[in-house]
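Visitor: Below is the file start-v6.cif, with mmCIF, C-alpha atoms.
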```
data_structure
#
loop_
_atom_site.label_atom_id
_atom_site.label_comp_id
_atom_site.auth_asym_id
_atom_site.auth_seq_id
_atom_site.Cartn_x
_atom_site.Cartn_y
_atom_site.Cartn_z
CA MET T 1 -29.25 -37.43 34.19
CA PRO T 2 -27.34 -34.31 33.06
CA LEU T 3 -26.56 -34.09 29.37
CA GLU T 4 -22.88 -33.62 30.27
CA SER T 5 -22.93 -37.39 30.96
CA GLN T 6 -22.85 -37.83 27.17
CA ILE T 7 -19.12 -37.12 27.47
CA LYS T 8 -17.53 -40.41 28.47
CA VAL T 9 -14.03 -41.86 28.74
CA GLN T 10 -13.33 -45.53 29.34
CA ILE T 11 -10.32 -47.83 29.09
CA ASN T 12 -10.02 -49.39 25.65
CA PRO T 13 -11.12 -53.01 26.29
CA ASP T 14 -8.85 -54.26 23.49
CA VAL T 15 -5.66 -52.66 24.83
CA PRO T 16 -4.94 -53.17 28.56
CA PRO T 17 -2.71 -50.46 30.11
CA THR T 18 0.96 -51.38 30.28
CA GLY T 19 3.58 -50.40 32.81
CA SER T 20 3.19 -49.28 36.39
CA ASP T 21 4.75 -46.95 38.93
CA LEU T 22 7.40 -49.62 39.47
CA SER T 23 8.18 -49.89 35.76
CA ILE T 24 8.71 -46.10 35.70
CA VAL T 25 11.10 -46.43 38.65
CA ASN T 26 13.06 -49.20 36.94
CA ALA T 27 13.20 -47.27 33.67
CA ALA T 28 14.87 -44.47 35.63
CA ARG T 29 17.21 -46.90 37.42
CA ARG T 30 18.31 -48.35 34.09
CA SER T 31 20.96 -45.63 33.95
CA PHE T 32 22.61 -47.21 37.00
CA ASN T 33 21.85 -50.80 35.93
CA THR T 34 19.81 -51.41 39.09
CA ARG T 35 16.26 -52.53 39.72
CA SER T 36 13.72 -52.15 42.49
CA GLU T 37 10.80 -54.27 43.68
CA TRP T 38 7.41 -53.56 45.21
CA ALA T 39 7.50 -52.87 48.94
CA SER T 40 7.40 -55.90 51.21
CA GLU T 41 4.83 -56.21 53.99
CA ALA T 42 7.47 -55.15 56.53
CA GLU T 43 8.00 -51.91 54.57
CA CYS T 44 4.30 -51.06 54.49
CA PRO T 45 2.49 -48.78 56.97
CA THR T 46 0.70 -50.08 60.05
CA ASP T 47 -3.09 -50.23 60.19
CA GLU T 48 -4.19 -47.88 62.99
CA VAL T 49 -7.21 -50.06 63.79
CA THR T 50 -5.79 -53.58 63.76
CA GLY T 51 -2.17 -52.77 64.50
CA GLY T 52 -1.09 -55.08 61.69
CA LYS T 53 0.77 -54.25 58.53
CA ILE T 54 -1.27 -53.06 55.54
CA PRO T 55 -0.61 -55.49 52.68
CA PRO T 56 1.60 -54.14 49.87
CA TYR T 57 -0.99 -54.18 47.03
CA LYS T 58 1.84 -53.22 44.67
CA ARG T 59 2.95 -50.36 46.87
CA LEU T 60 6.15 -48.47 46.06
CA LYS T 61 8.96 -48.28 48.58
CA ASP T 62 9.38 -44.82 50.05
CA LYS T 63 12.70 -44.29 48.27
CA ASP T 64 11.09 -45.16 44.94
CA LYS T 65 8.18 -42.82 45.57
CA ARG T 66 10.68 -40.04 46.25
CA LEU T 67 12.46 -40.93 43.02
CA LEU T 68 9.26 -40.47 40.98
CA GLU T 69 8.63 -37.15 42.71
CA PHE T 70 12.17 -36.04 41.89
CA LEU T 71 11.72 -37.03 38.24
CA ALA T 72 8.47 -35.07 38.02
CA ARG T 73 9.70 -31.86 39.65
CA GLY T 74 13.44 -31.95 38.90
CA MET T 75 14.44 -31.44 42.54
CA THR T 76 15.32 -33.75 45.38
CA ALA T 77 13.04 -33.73 48.41
CA ASP T 78 15.64 -31.78 50.43
CA ASP T 79 16.14 -29.20 47.69
CA PHE T 80 12.38 -28.82 47.33
CA GLU T 81 11.93 -28.28 51.07
CA ASP T 82 14.71 -25.67 51.03
CA PHE T 83 12.99 -23.94 48.13
CA LEU T 84 9.64 -23.80 49.92
CA HIS T 85 11.28 -22.58 53.13
CA SER T 86 13.12 -19.83 51.27
CA MET T 87 9.89 -18.67 49.66
CA ASP T 88 8.13 -18.44 53.03
CA ASN T 89 4.73 -17.70 51.43
CA ARG T 90 6.09 -14.66 49.63
CA THR T 91 5.30 -13.60 46.06
CA PRO T 92 7.14 -11.46 43.50
CA THR T 93 4.67 -8.65 44.18
CA ASP T 94 5.94 -8.30 47.75
CA LEU T 95 7.85 -5.05 48.28
CA GLY T 96 11.13 -4.88 50.10
CA PRO T 97 14.83 -5.59 49.65
CA GLU T 98 14.26 -9.34 49.21
CA ARG T 99 11.98 -8.96 46.19
CA GLU T 100 14.75 -9.62 43.65
CA ASP T 101 15.83 -12.76 45.49
CA VAL T 102 12.25 -14.08 45.47
CA VAL T 103 11.95 -13.44 41.74
CA ASP T 104 15.24 -15.23 41.08
CA LYS T 105 14.12 -18.26 43.06
CA LEU T 106 10.80 -18.41 41.23
CA TRP T 107 12.60 -18.34 37.88
CA GLN T 108 14.95 -21.04 39.15
CA TRP T 109 11.93 -23.18 40.04
CA ARG T 110 10.22 -22.52 36.72
CA ASN T 111 13.35 -23.39 34.74
CA THR T 112 14.32 -26.48 36.73
CA PRO T 113 14.44 -29.32 34.18
CA THR T 114 12.25 -32.33 34.81
CA HIS T 115 13.04 -35.90 33.75
CA ASP T 116 10.01 -37.10 31.81
CA THR T 117 11.49 -39.97 29.82
CA PRO T 118 10.86 -42.77 32.37
CA PHE T 119 7.14 -41.88 32.48
CA ASN T 120 6.90 -42.55 28.75
CA HIS T 121 7.75 -46.26 29.03
CA THR T 122 4.04 -46.84 29.71
CA PHE T 123 1.05 -47.09 27.40
CA ILE T 124 -2.64 -46.55 28.00
CA SER T 125 -5.54 -46.42 25.54
CA PHE T 126 -8.99 -44.88 25.95
CA GLU T 127 -12.31 -44.86 24.12
CA VAL T 128 -13.84 -41.38 24.22
CA GLN T 129 -17.30 -40.02 23.40
CA ALA T 130 -17.56 -36.25 23.08
CA PRO T 131 -18.80 -33.57 20.66
CA ILE T 132 -16.76 -32.62 17.61
CA PHE T 133 -15.74 -29.23 19.01
CA VAL T 134 -14.11 -30.93 22.02
CA ARG T 135 -12.27 -33.42 19.83
CA ALA T 136 -11.03 -30.50 17.75
CA GLN T 137 -9.40 -29.03 20.87
CA LEU T 138 -7.91 -32.25 22.18
CA VAL T 139 -6.43 -33.43 18.88
CA LYS T 140 -3.84 -30.64 19.24
CA HIS T 141 -1.94 -32.41 22.02
CA GLU T 142 1.40 -33.92 21.06
CA TYR T 143 2.32 -37.61 21.13
CA LEU T 144 -1.26 -38.84 21.54
CA ILE T 145 -2.61 -41.12 18.81
CA MET T 146 -6.24 -40.52 17.84
CA SER T 147 -8.39 -42.75 15.60
CA GLU T 148 -11.93 -41.39 15.10
CA PHE T 149 -14.92 -43.08 13.53
CA SER T 150 -15.83 -41.51 10.21
CA ARG T 151 -19.02 -39.98 8.93
CA ARG T 152 -17.81 -40.93 5.47
CA TYR T 153 -19.05 -44.44 6.33
CA ILE T 154 -21.38 -44.11 9.33
CA THR T 155 -24.63 -42.29 8.58
CA ASP T 156 -26.88 -43.33 11.47
CA ASP T 157 -27.00 -42.92 15.27
CA ILE T 158 -26.47 -39.17 15.08
CA THR T 159 -26.84 -37.36 18.41
CA PHE T 160 -26.04 -33.83 19.49
CA TYR T 161 -24.46 -32.45 22.62
CA ILE T 162 -26.52 -29.77 24.36
CA PRO T 163 -25.33 -28.58 27.79
CA ASP T 164 -27.68 -28.20 30.72
CA VAL T 165 -26.70 -24.51 30.91
CA TRP T 166 -25.61 -22.10 28.20
CA ARG T 167 -22.80 -20.08 29.76
CA LYS T 168 -22.40 -16.36 29.17
CA ALA T 169 -19.20 -15.08 27.55
CA ALA T 170 -16.52 -14.03 30.02
CA LYS T 171 -15.96 -10.29 30.19
CA ASP T 172 -12.29 -10.38 31.17
CA LYS T 173 -10.86 -12.52 28.35
CA LYS T 174 -11.17 -13.01 24.61
CA GLN T 175 -12.23 -16.63 24.91
CA GLY T 176 -13.89 -18.76 27.56
CA SER T 177 -17.11 -18.44 29.49
CA SER T 178 -18.36 -17.30 32.87
CA ASN T 179 -20.53 -19.12 35.37
CA GLU T 180 -23.51 -16.95 34.46
CA ALA T 181 -26.27 -18.70 32.48
CA VAL T 182 -27.98 -17.35 29.37
CA ASN T 183 -31.57 -18.18 28.43
CA VAL T 184 -31.66 -19.18 24.75
CA ALA T 185 -35.39 -19.99 24.59
CA TYR T 186 -37.67 -17.87 22.43
CA TYR T 187 -41.45 -17.62 22.01
CA ASP T 188 -43.16 -18.51 18.76
CA ARG T 189 -46.79 -17.49 18.39
CA ASP T 190 -47.73 -20.81 16.79
CA ASP T 191 -45.38 -23.30 18.47
CA GLY T 192 -44.97 -21.78 21.92
CA TYR T 193 -41.57 -21.78 23.62
CA ASN T 194 -38.65 -23.17 21.62
CA ASP T 195 -34.91 -22.88 21.79
CA TRP T 196 -32.36 -22.05 19.13
CA PRO T 197 -29.98 -25.01 19.67
CA THR T 198 -32.67 -27.67 19.38
CA ASP T 199 -34.16 -26.01 16.32
CA ALA T 200 -30.76 -25.64 14.65
CA ASN T 201 -29.86 -29.28 15.30
CA SER T 202 -33.22 -30.46 13.96
CA VAL T 203 -32.86 -28.47 10.75
CA SER T 204 -29.29 -29.73 10.25
CA LEU T 205 -30.25 -33.36 10.84
CA GLU T 206 -33.24 -33.10 8.49
CA ALA T 207 -31.07 -31.52 5.79
CA TYR T 208 -28.44 -34.25 6.24
CA GLN T 209 -30.98 -37.06 5.95
CA GLU T 210 -32.65 -35.51 2.91
CA MET T 211 -29.31 -35.08 1.16
CA LEU T 212 -28.53 -38.76 1.71
CA LYS T 213 -31.91 -39.69 0.22
CA LEU T 214 -31.08 -37.59 -2.83
CA GLY T 215 -27.91 -39.61 -3.29
CA VAL T 216 -25.36 -37.13 -1.96
CA ALA T 217 -22.21 -38.92 -0.78
CA PRO T 218 -21.97 -39.16 3.04
CA GLU T 219 -18.55 -37.50 2.92
CA MET T 220 -20.25 -34.39 1.54
CA ALA T 221 -23.61 -34.56 3.31
CA ARG T 222 -21.81 -34.48 6.67
CA MET T 223 -20.83 -30.86 5.95
CA VAL T 224 -24.22 -29.66 7.21
CA LEU T 225 -23.90 -31.34 10.61
CA PRO T 226 -23.04 -28.94 13.47
CA GLN T 227 -20.01 -28.85 15.76
CA SER T 228 -22.19 -30.28 18.53
CA THR T 229 -22.50 -33.64 16.74
CA MET T 230 -21.25 -36.40 19.02
CA THR T 231 -18.25 -38.39 17.85
CA GLU T 232 -16.13 -41.23 19.21
CA TRP T 233 -12.43 -41.96 19.03
CA THR T 234 -9.70 -44.23 20.34
CA TRP T 235 -7.03 -42.19 22.11
CA SER T 236 -3.70 -43.75 23.02
CA GLY T 237 -0.36 -42.65 24.41
CA THR T 238 2.03 -42.72 27.31
CA LEU T 239 1.46 -41.56 30.86
CA GLY T 240 3.75 -38.59 30.22
CA ALA T 241 1.77 -37.45 27.18
CA PHE T 242 -1.63 -37.82 28.83
CA ALA T 243 -0.39 -36.13 32.01
CA LYS T 244 0.68 -33.09 29.98
CA MET T 245 -2.78 -32.96 28.40
CA CYS T 246 -4.44 -33.21 31.82
CA THR T 247 -2.26 -30.45 33.27
CA LEU T 248 -3.38 -28.07 30.52
CA ARG T 249 -7.03 -29.12 30.19
CA LEU T 250 -7.79 -29.34 33.91
CA HIS T 251 -6.86 -25.68 34.31
CA PRO T 252 -9.88 -23.62 35.46
CA GLU T 253 -9.70 -21.50 32.29
CA ALA T 254 -9.90 -24.53 29.98
CA GLN T 255 -13.29 -25.10 28.37
CA TYR T 256 -15.64 -26.94 30.71
CA GLU T 257 -16.41 -29.74 28.25
CA ALA T 258 -12.69 -30.37 27.65
CA ARG T 259 -12.21 -30.51 31.41
CA LEU T 260 -14.87 -33.23 31.61
CA VAL T 261 -12.76 -35.39 29.28
CA ALA T 262 -9.48 -34.55 31.02
CA GLN T 263 -10.87 -35.31 34.49
CA GLN T 264 -12.07 -38.76 33.43
CA VAL T 265 -8.72 -39.49 31.77
CA TYR T 266 -6.92 -38.36 34.93
CA ASP T 267 -9.09 -40.57 37.14
CA HIS T 268 -8.03 -43.58 35.07
CA LEU T 269 -4.37 -42.51 35.13
CA LYS T 270 -4.43 -42.35 38.93
CA GLU T 271 -5.95 -45.82 39.07
CA TYR T 272 -3.09 -47.39 37.10
CA TYR T 273 -0.24 -45.05 38.10
CA PRO T 274 -1.22 -43.78 41.59
CA VAL T 275 2.16 -42.17 42.33
CA GLY T 276 3.40 -41.19 38.88
CA ALA T 277 0.20 -39.57 37.58
CA PRO T 278 -0.37 -37.11 40.47
CA ALA T 279 3.33 -36.24 40.54
CA LEU T 280 3.14 -35.15 36.90
CA VAL T 281 -0.33 -33.58 36.87
CA GLU T 282 -0.61 -31.94 40.30
CA GLY T 283 3.03 -31.56 41.17
CA VAL T 284 4.51 -32.46 44.54
#
```
Spell out the structure here as structure tokens.
Guide:
Amino acid sequence: MPLESQIKVQINPDVPPTGSDLSIVNAARRSFNTRSEWASEAECPTDEVTGGKIPPYKRLKDKDKRLLEFLARGMTADDFEDFLHSMDNRTPTDLGPEREDVVDKLWQWRNTPTHDTPFNHTFISFEVQAPIFVRAQLVKHEYLIMSEFSRRYITDDITFYIPDVWRKAAKDKKQGSSNEAVNVAYYDRDDGYNDWPTDANSVSLEAYQEMLKLGVAPEMARMVLPQSTMTEWTWSGTLGAFAKMCTLRLHPEAQYEARLVAQQVYDHLKEYYPVGAPALVEGV
């Protein structure tokens, strides 16, 4: 089993997710004092094999699905289609008299306001296991509540994250890594082949344990533990807040380990909000 499997995200068993795609729709319809319901069997698609109607299974009506898409992108379906047609697979780098028009339309698209509020009438809570350096990245995201277990009190069950492959630094940017692997093993005349990460972790753990034996307070002894030390936290927030995190951390240039967390979060979001989550994270 790859060591990346140490990074895990699961639904908090104490806090069931609240809200649904339909609750997002009705939060948006509150402005007009109207409500919608799940699609009836008659409004559901036909099974190509049996010829019968596919049961609703809490399926949104088409008009409500379009509403969520509009909220996420800030454009109606017709306006969006007109935008795509006007672009016609062109980019701002294209030469020609229409270049300025293309640039203007791209800026219009970029600056089109979205309507995120209805997506934030939901709540979902996760339990996450990941190394400290990943938690340090993810704690930066707004409107997400994080409660981490503390090494001030917990002094046992210490494990370290070591990736299957040590990635080489990327040449074309100040941060990040490439897909090229680096061999970190070295040869010791007495011990044979070793590797720096394992040795460093072993020394740190031994120092930590010895300091505890000497009576050093756990809140101070933890200073010698490396960034690769595994930690756990409860992470809670709305669909809108988690979707924003996923959009940023699923980007190919985000750190791989952070993407592992974001992908698992996103998989859960799609399970509970199958229309709303993709509309926010992937766009329409």
Visitor: Between atom CA of Tyr266 of chain T and atom CA of Leu71 of chain T, what is the spacing in Å?
Guide: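 Separating atom CA of Leu71 of chain T from atom CA of Tyr266 of chain T is a distance of 19.0 Å.
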Visitor: Smallest atom-to-atom distance to Val281 of chain T: which of T:Asn26, T:Ser125, T:Thr117, T:Gln263, using all atoms listed in the file?
Guide: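 Among the listed residues, T:Gln263 lies closest to Val281 of chain T.
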Visitor: For Gly276 of chain T, which residue out of T:Asn33, T:Ser236, T:Ser23, T:Thr18 is the nearest one, using only C-alpha atoms?
Guide: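 Residue with the minimum atom-to-atom distance to Gly276 of chain T: T:Ser23.
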Visitor: Please enumerate the residues selected by the PyMOL selection byres ((chain T and resi 218) around 12) when evaluated against the supplied file, formatted as JSON, numbers by chain.
Guide: {"T": [150, 151, 152, 153, 154, 155, 156, 208, 209, 210, 211, 212, 213, 214, 215, 216, 217, 219, 220, 221, 222, 223, 224, 225]}
Visitor: What would the selection look like, as a VMD selection string, if the PyMOL selection byres ((chain T and resi 200) around 12) were run on the coordinates I just shared?
Guide: chain T and resid 160 162 194 to 199 201 to 207 224 to 229
Visitor: Please report the interatomic distance between atom CA of Thr46 of chain T and atom CA of Lys63 of chain T in Å with one decimal.
Guide: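 Calculated distance between atom CA of Thr46 of chain T and atom CA of Lys63 of chain T is 17.8 Å.
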Visitor: Mind filling out segment 128-140 of chain T with N, CA and C atoms and sending it as a short mmCIF file (atom, residue, chain, number, x, y, z; two decimals), keeping the file's coordinate frame?
Guide:
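Everything below was put into selection.cif:
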```
data_model
loop_
_atom_site.label_atom_id
_atom_site.label_comp_id
_atom_site.auth_asym_id
_atom_site.auth_seq_id
_atom_site.Cartn_x
_atom_site.Cartn_y
_atom_site.Cartn_z
N VAL T 128 -13.26 -42.66 23.80
CA VAL T 128 -13.84 -41.38 24.22
C VAL T 128 -15.08 -41.06 23.39
N GLN T 129 -16.11 -40.56 24.06
CA GLN T 129 -17.30 -40.02 23.40
C GLN T 129 -17.44 -38.56 23.79
N ALA T 130 -17.46 -37.68 22.80
CA ALA T 130 -17.56 -36.25 23.08
C ALA T 130 -17.98 -35.55 21.79
N PRO T 131 -18.43 -34.30 21.87
CA PRO T 131 -18.80 -33.57 20.66
C PRO T 131 -17.58 -33.19 19.83
N ILE T 132 -17.84 -32.91 18.55
CA ILE T 132 -16.76 -32.62 17.61
C ILE T 132 -15.91 -31.44 18.08
N PHE T 133 -16.53 -30.40 18.64
CA PHE T 133 -15.74 -29.23 19.01
C PHE T 133 -14.75 -29.53 20.14
N VAL T 134 -15.05 -30.52 20.98
CA VAL T 134 -14.11 -30.93 22.02
C VAL T 134 -12.97 -31.74 21.41
N ARG T 135 -13.32 -32.66 20.52
CA ARG T 135 -12.27 -33.42 19.83
C ARG T 135 -11.32 -32.50 19.10
N ALA T 136 -11.87 -31.43 18.50
CA ALA T 136 -11.03 -30.50 17.75
C ALA T 136 -10.01 -29.81 18.65
N GLN T 137 -10.35 -29.61 19.92
CA GLN T 137 -9.40 -29.03 20.87
C GLN T 137 -8.35 -30.05 21.29
N LEU T 138 -8.80 -31.26 21.58
CA LEU T 138 -7.91 -32.25 22.18
C LEU T 138 -6.96 -32.89 21.17
N VAL T 139 -7.29 -32.83 19.89
CA VAL T 139 -6.43 -33.43 18.88
C VAL T 139 -5.10 -32.66 18.77
N LYS T 140 -5.03 -31.47 19.33
CA LYS T 140 -3.84 -30.64 19.24
C LYS T 140 -2.69 -31.15 20.10
#
```
